[in-house]
Amino acid sequence: MPDSQPQPSHSSSGPPSGPDEAGALLLCGARLTDGRVVDVRLGGGRIEAVGTAGSLGAGTAGTAAPGAPGASGASATRVDLGGHLLLPAPAEPHAHGDTALSADFEGPVPYDGRDVQRRATEAALLQLGHGATAVRSHVHVGDVQGLGALTAVLQARRALRGLVELTTVAMPRVLTGVAGADGLAILRDAVKMGASVVGGCPDLDPDPTGYVEAVLEIASEYGCPVDLHTDGDDPARLARLTAMAGGLRPGVTLGPCGGLARLASQAASRAADQLAAAGVTVACLPQGGCGTVDRRGTAPVRLLRAAGVRVAAGSGALRDVSNPVGRGDPLEAAYLLASRYGLRPEEAYDTVSGAARAALGLPEVRVEAGFPAELLAVRGARLAGVLSLAYSRIVVHRGRVVARTSAVREYCGSATSAAVDLPRQGRGEPS
């Protein structure tokens, strides 16, 4: 089946309506990044226990976290993770569900409600298959599409409940002047409908500062996070933005900020210090840009991290006109940050997992008792190898396996391959 057509599970037990409906699960023989091989017991949407491989029987809960649900010794379904590296699941901090998978359309992207819902659903499932159990999707509101695209993505969110957490960012085009009055009204309506984050692109407004002021005012009024698009190539404008955003709770994210990499080193360092002081998160897009910001390039992640800025990495465009080959794969984003931008594999993976989850306001995940059971198992022994060849994956959301991707490479058709008894891809034993 092509990867562009994600398929629902054929299991008779549909997606759970809540985390407590997931039965106990025992992940057996998984390798952790510190080299240990362990069993991990899940229940009630959380990690109940972690023990040496073979120490947590299917009928016992082991040593659970105090007060953990499901630690009653009930039998658990076993999942063999031998040969897999077990990681905290990634999250996707910067997607565009309303334009995803639209590269093949001729002319403007259609905003028919059913089509938007179909594409947004398919895009979220693709990203889930890659490992992202939470997705933040930016959605255009106002102009010709009104609130139709947002309505469709919110419908996709409801349909995907139990599989992946999909949240939406309302993005009006103009918020200042006479034309901005409609945008302000639409943005308020969007929040009331269910958009949980307010955003947009101040660079496209005739008055960027006024745009930011309007967004921050609505965010403060409704207690929403803020997620704004900016290239970040204007130091003065960026300084004003960070000064205005500093201290806002629950928080401000800026992206993709590729223009920071084009600034002179002194100006870039000053901007990084300002972002750190304001507590602003930067969501970079190493796989390519998105249609909202014309210029491409990746933010200077090492400089930002050295200054104390939280840097998350997103996917941006997923096969739309601005990136017709976008994959929406968080492990590819981490791979690019490690291979091209000098981050260690552990640092690169944190941008798509720990930092991305924090940017979305989600709780921290560790493979330890008591933490949320949001996990990704990838065939491989070390994180560097996983980022290099992350073919086979098992995704756990709310303590339940929600996606599997299996890949086997075999060498055949020649006397040489048979003679040397070559192993299958990703496996230690011969085929």
# chains A, B, ... in the order shown; residues from 1 in each chain; ligands from 1

$ residues_around --residues "Arg398 in chain A" --least-positions-apart "6" --cutoff "7 Å" --atoms "only C-alpha atoms" --output "mmCIF file with N, CA and C atoms, in the first residue's frame"
data_model
loop_
_atom_site.group_PDB
_atom_site.id
_atom_site.type_symbol
_atom_site.label_atom_id
_atom_site.label_comp_id
_atom_site.auth_asym_id
_atom_site.auth_seq_id
_atom_site.Cartn_x
_atom_site.Cartn_y
_atom_site.Cartn_z
ATOM 1 N N PRO A 19 -8.007 7.539 27.326
ATOM 2 C CA PRO A 19 -6.827 6.781 27.677
ATOM 3 C C PRO A 19 -7.099 5.620 28.615
ATOM 4 N N GLY A 45 -2.922 4.536 30.062
ATOM 5 C CA GLY A 45 -2.331 5.640 29.325
ATOM 6 C C GLY A 45 -0.988 6.098 29.846
ATOM 7 N N ARG A 46 -0.433 5.367 30.825
ATOM 8 C CA ARG A 46 0.848 5.775 31.395
ATOM 9 C C ARG A 46 1.796 4.575 31.468
ATOM 10 N N ALA A 373 2.402 7.318 28.376
ATOM 11 C CA ALA A 373 2.799 6.245 27.468
ATOM 12 C C ALA A 373 2.665 6.732 26.029
ATOM 13 N N GLU A 374 3.529 7.696 25.668
ATOM 14 C CA GLU A 374 3.636 8.234 24.308
ATOM 15 C C GLU A 374 5.018 7.832 23.810
#

$ select_by_dssp --residues "range 23-164 of chain A" --states "alpha helix (DSSP H)" --output "count of residues only"
30

$ residues_around --residues "range 305-309 of chain A" --least-positions-apart "4" --cutoff "10 Å" --atoms "only C-alpha atoms" --output "PDB file with C-alpha atoms, in the first residue's frame"
ATOM      1  CA  SER A 269      23.573  36.500  18.619  1.00  0.00           C
ATOM      2  CA  ARG A 270      21.731  39.531  19.950  1.00  0.00           C
ATOM      3  CA  ALA A 271      18.437  38.219  18.561  1.00  0.00           C
ATOM      4  CA  ALA A 272      19.075  34.804  20.129  1.00  0.00           C
ATOM      5  CA  ASP A 273      19.680  36.417  23.526  1.00  0.00           C
ATOM      6  CA  GLN A 274      16.444  38.407  23.193  1.00  0.00           C
ATOM      7  CA  LEU A 275      14.443  35.291  22.301  1.00  0.00           C
ATOM      8  CA  ALA A 276      15.916  33.420  25.253  1.00  0.00           C
ATOM      9  CA  ALA A 277      15.172  36.272  27.674  1.00  0.00           C
ATOM     10  CA  ALA A 278      11.564  36.434  26.460  1.00  0.00           C
ATOM     11  CA  GLY A 279      11.062  32.676  26.798  1.00  0.00           C
ATOM     12  CA  VAL A 280      10.048  32.366  23.146  1.00  0.00           C
ATOM     13  CA  THR A 281      10.289  28.966  21.421  1.00  0.00           C
ATOM     14  CA  VAL A 282      11.611  28.783  17.858  1.00  0.00           C
ATOM     15  CA  PRO A 300      20.708  28.718  13.312  1.00  0.00           C
ATOM     16  CA  VAL A 301      19.846  25.970  15.767  1.00  0.00           C
ATOM     17  CA  LEU A 343      23.689  18.752  16.448  1.00  0.00           C
ATOM     18  CA  GLU A 347      20.161  16.952  20.675  1.00  0.00           C
TER      19      GLU A 347
END

$ closest_residue --among "A:Leu248, A:Val386, A:Leu254, A:Ala333" --to "Arg310 in chain A" --atoms "only C-alpha atoms"
A:Leu254

$ closest_residue --among "A:Glu122, A:Asp98, A:Glu368, A:Glu410" --to "Leu154 in chain A" --atoms "only C-alpha atoms"
A:Asp98

$ closest_residue --among "A:Ala334, A:Leu389, A:Val144, A:Ala159" --to "Ile186 in chain A" --atoms "only C-alpha atoms"
A:Val144

$ residues_around --residues "Pro225 in chain A" --least-positions-apart "3" --cutoff "7 Å" --atoms "only C-alpha atoms" --output "list in words"
Val197, Val198, Ala219, Arg249, Pro250, Gly251 and Val252 of chain A

$ closest_residue --among "A:Ala356, A:Val141, A:Leu128, A:Val215" --to "Met193 in chain A" --atoms "only C-alpha atoms"
A:Val141

$ select_by_dssp --residues "range 109-279 of chain A" --states "strand (DSSP E)" --output "ChimeraX atom specification"
/A:134-141,165-172,197-200,226-230,252-256

$ write_last_selection --atoms "C-alpha atoms" --output "PDB file, in the first residue's frame"
ATOM      1  CA  ALA A 134       0.568  15.025  18.655  1.00  0.00           C
ATOM      2  CA  VAL A 135       0.261  17.456  15.735  1.00  0.00           C
ATOM      3  CA  ARG A 136      -0.204  21.235  15.726  1.00  0.00           C
ATOM      4  CA  SER A 137      -1.802  22.322  12.457  1.00  0.00           C
ATOM      5  CA  HIS A 138      -1.859  25.921  11.238  1.00  0.00           C
ATOM      6  CA  VAL A 139      -5.141  26.701   9.433  1.00  0.00           C
ATOM      7  CA  HIS A 140      -6.026  29.782   7.386  1.00  0.00           C
ATOM      8  CA  VAL A 141      -9.141  31.655   8.484  1.00  0.00           C
ATOM      9  CA  GLU A 165      -3.841  14.577  19.260  1.00  0.00           C
ATOM     10  CA  LEU A 166      -4.543  17.212  16.585  1.00  0.00           C
ATOM     11  CA  THR A 167      -4.668  20.856  17.657  1.00  0.00           C
ATOM     12  CA  THR A 168      -5.260  23.893  15.468  1.00  0.00           C
ATOM     13  CA  VAL A 169      -3.742  27.358  15.098  1.00  0.00           C
ATOM     14  CA  ALA A 170      -6.074  29.981  13.606  1.00  0.00           C
ATOM     15  CA  MET A 171      -4.210  32.091  11.021  1.00  0.00           C
ATOM     16  CA  PRO A 172      -5.895  35.297   9.817  1.00  0.00           C
ATOM     17  CA  VAL A 197      -3.851  28.550  19.468  1.00  0.00           C
ATOM     18  CA  VAL A 198      -3.837  31.971  17.778  1.00  0.00           C
ATOM     19  CA  GLY A 199      -1.289  32.801  15.134  1.00  0.00           C
ATOM     20  CA  GLY A 200      -0.708  34.112  11.653  1.00  0.00           C
ATOM     21  CA  VAL A 226       0.535  32.078  20.349  1.00  0.00           C
ATOM     22  CA  ASP A 227       2.290  30.616  17.301  1.00  0.00           C
ATOM     23  CA  LEU A 228       3.418  33.145  14.686  1.00  0.00           C
ATOM     24  CA  HIS A 229       5.130  32.799  11.317  1.00  0.00           C
ATOM     25  CA  THR A 230       8.086  35.057  10.700  1.00  0.00           C
ATOM     26  CA  VAL A 252       4.799  32.082  22.329  1.00  0.00           C
ATOM     27  CA  THR A 253       6.330  30.132  19.444  1.00  0.00           C
ATOM     28  CA  LEU A 254       7.922  31.714  16.375  1.00  0.00           C
ATOM     29  CA  GLY A 255       8.867  29.951  13.180  1.00  0.00           C
ATOM     30  CA  PRO A 256      10.478  29.165  10.891  1.00  0.00           C
TER      31      PRO A 256
END

$ atom_distance --atom1 "CA of Pro206 in chain A" --atom2 "CA of Leu360 in chain A"
29.0 Å

$ decode --residues "range 268-282 of chain A" --atoms "N, CA and C atoms" --output "mmCIF file, in the first residue's frame"
data_model
loop_
_atom_site.group_PDB
_atom_site.id
_atom_site.type_symbol
_atom_site.label_atom_id
_atom_site.label_comp_id
_atom_site.auth_asym_id
_atom_site.auth_seq_id
_atom_site.Cartn_x
_atom_site.Cartn_y
_atom_site.Cartn_z
ATOM 1 N N ALA A 268 22.650 38.238 14.895
ATOM 2 C CA ALA A 268 21.996 36.962 15.180
ATOM 3 C C ALA A 268 22.156 36.583 16.647
ATOM 4 N N SER A 269 23.345 36.814 17.204
ATOM 5 C CA SER A 269 23.573 36.500 18.619
ATOM 6 C C SER A 269 22.704 37.375 19.514
ATOM 7 N N ARG A 270 22.578 38.643 19.156
ATOM 8 C CA ARG A 270 21.731 39.531 19.950
ATOM 9 C C ARG A 270 20.271 39.088 19.892
ATOM 10 N N ALA A 271 19.813 38.690 18.699
ATOM 11 C CA ALA A 271 18.437 38.219 18.561
ATOM 12 C C ALA A 271 18.216 36.938 19.366
ATOM 13 N N ALA A 272 19.199 36.048 19.358
ATOM 14 C CA ALA A 272 19.075 34.804 20.129
ATOM 15 C C ALA A 272 18.967 35.107 21.618
ATOM 16 N N ASP A 273 19.753 36.048 22.115
ATOM 17 C CA ASP A 273 19.680 36.417 23.526
ATOM 18 C C ASP A 273 18.313 37.005 23.867
ATOM 19 N N GLN A 274 17.759 37.810 22.955
ATOM 20 C CA GLN A 274 16.444 38.407 23.193
ATOM 21 C C GLN A 274 15.355 37.340 23.221
ATOM 22 N N LEU A 275 15.426 36.379 22.320
ATOM 23 C CA LEU A 275 14.443 35.291 22.301
ATOM 24 C C LEU A 275 14.521 34.469 23.577
ATOM 25 N N ALA A 276 15.743 34.197 24.028
ATOM 26 C CA ALA A 276 15.916 33.420 25.253
ATOM 27 C C ALA A 276 15.355 34.172 26.455
ATOM 28 N N ALA A 277 15.647 35.475 26.537
ATOM 29 C CA ALA A 277 15.172 36.272 27.674
ATOM 30 C C ALA A 277 13.650 36.346 27.707
ATOM 31 N N ALA A 278 13.023 36.343 26.528
ATOM 32 C CA ALA A 278 11.564 36.434 26.460
ATOM 33 C C ALA A 278 10.887 35.087 26.643
ATOM 34 N N GLY A 279 11.651 33.999 26.654
ATOM 35 C CA GLY A 279 11.062 32.676 26.798
ATOM 36 C C GLY A 279 10.312 32.207 25.572
ATOM 37 N N VAL A 280 10.710 32.718 24.405
ATOM 38 C CA VAL A 280 10.048 32.366 23.146
ATOM 39 C C VAL A 280 10.670 31.097 22.570
ATOM 40 N N THR A 281 9.830 30.173 22.101
ATOM 41 C CA THR A 281 10.289 28.966 21.421
ATOM 42 C C THR A 281 10.419 29.238 19.933
ATOM 43 N N VAL A 282 11.444 28.700 19.310
ATOM 44 C CA VAL A 282 11.611 28.783 17.858
ATOM 45 C C VAL A 282 11.336 27.413 17.263
#
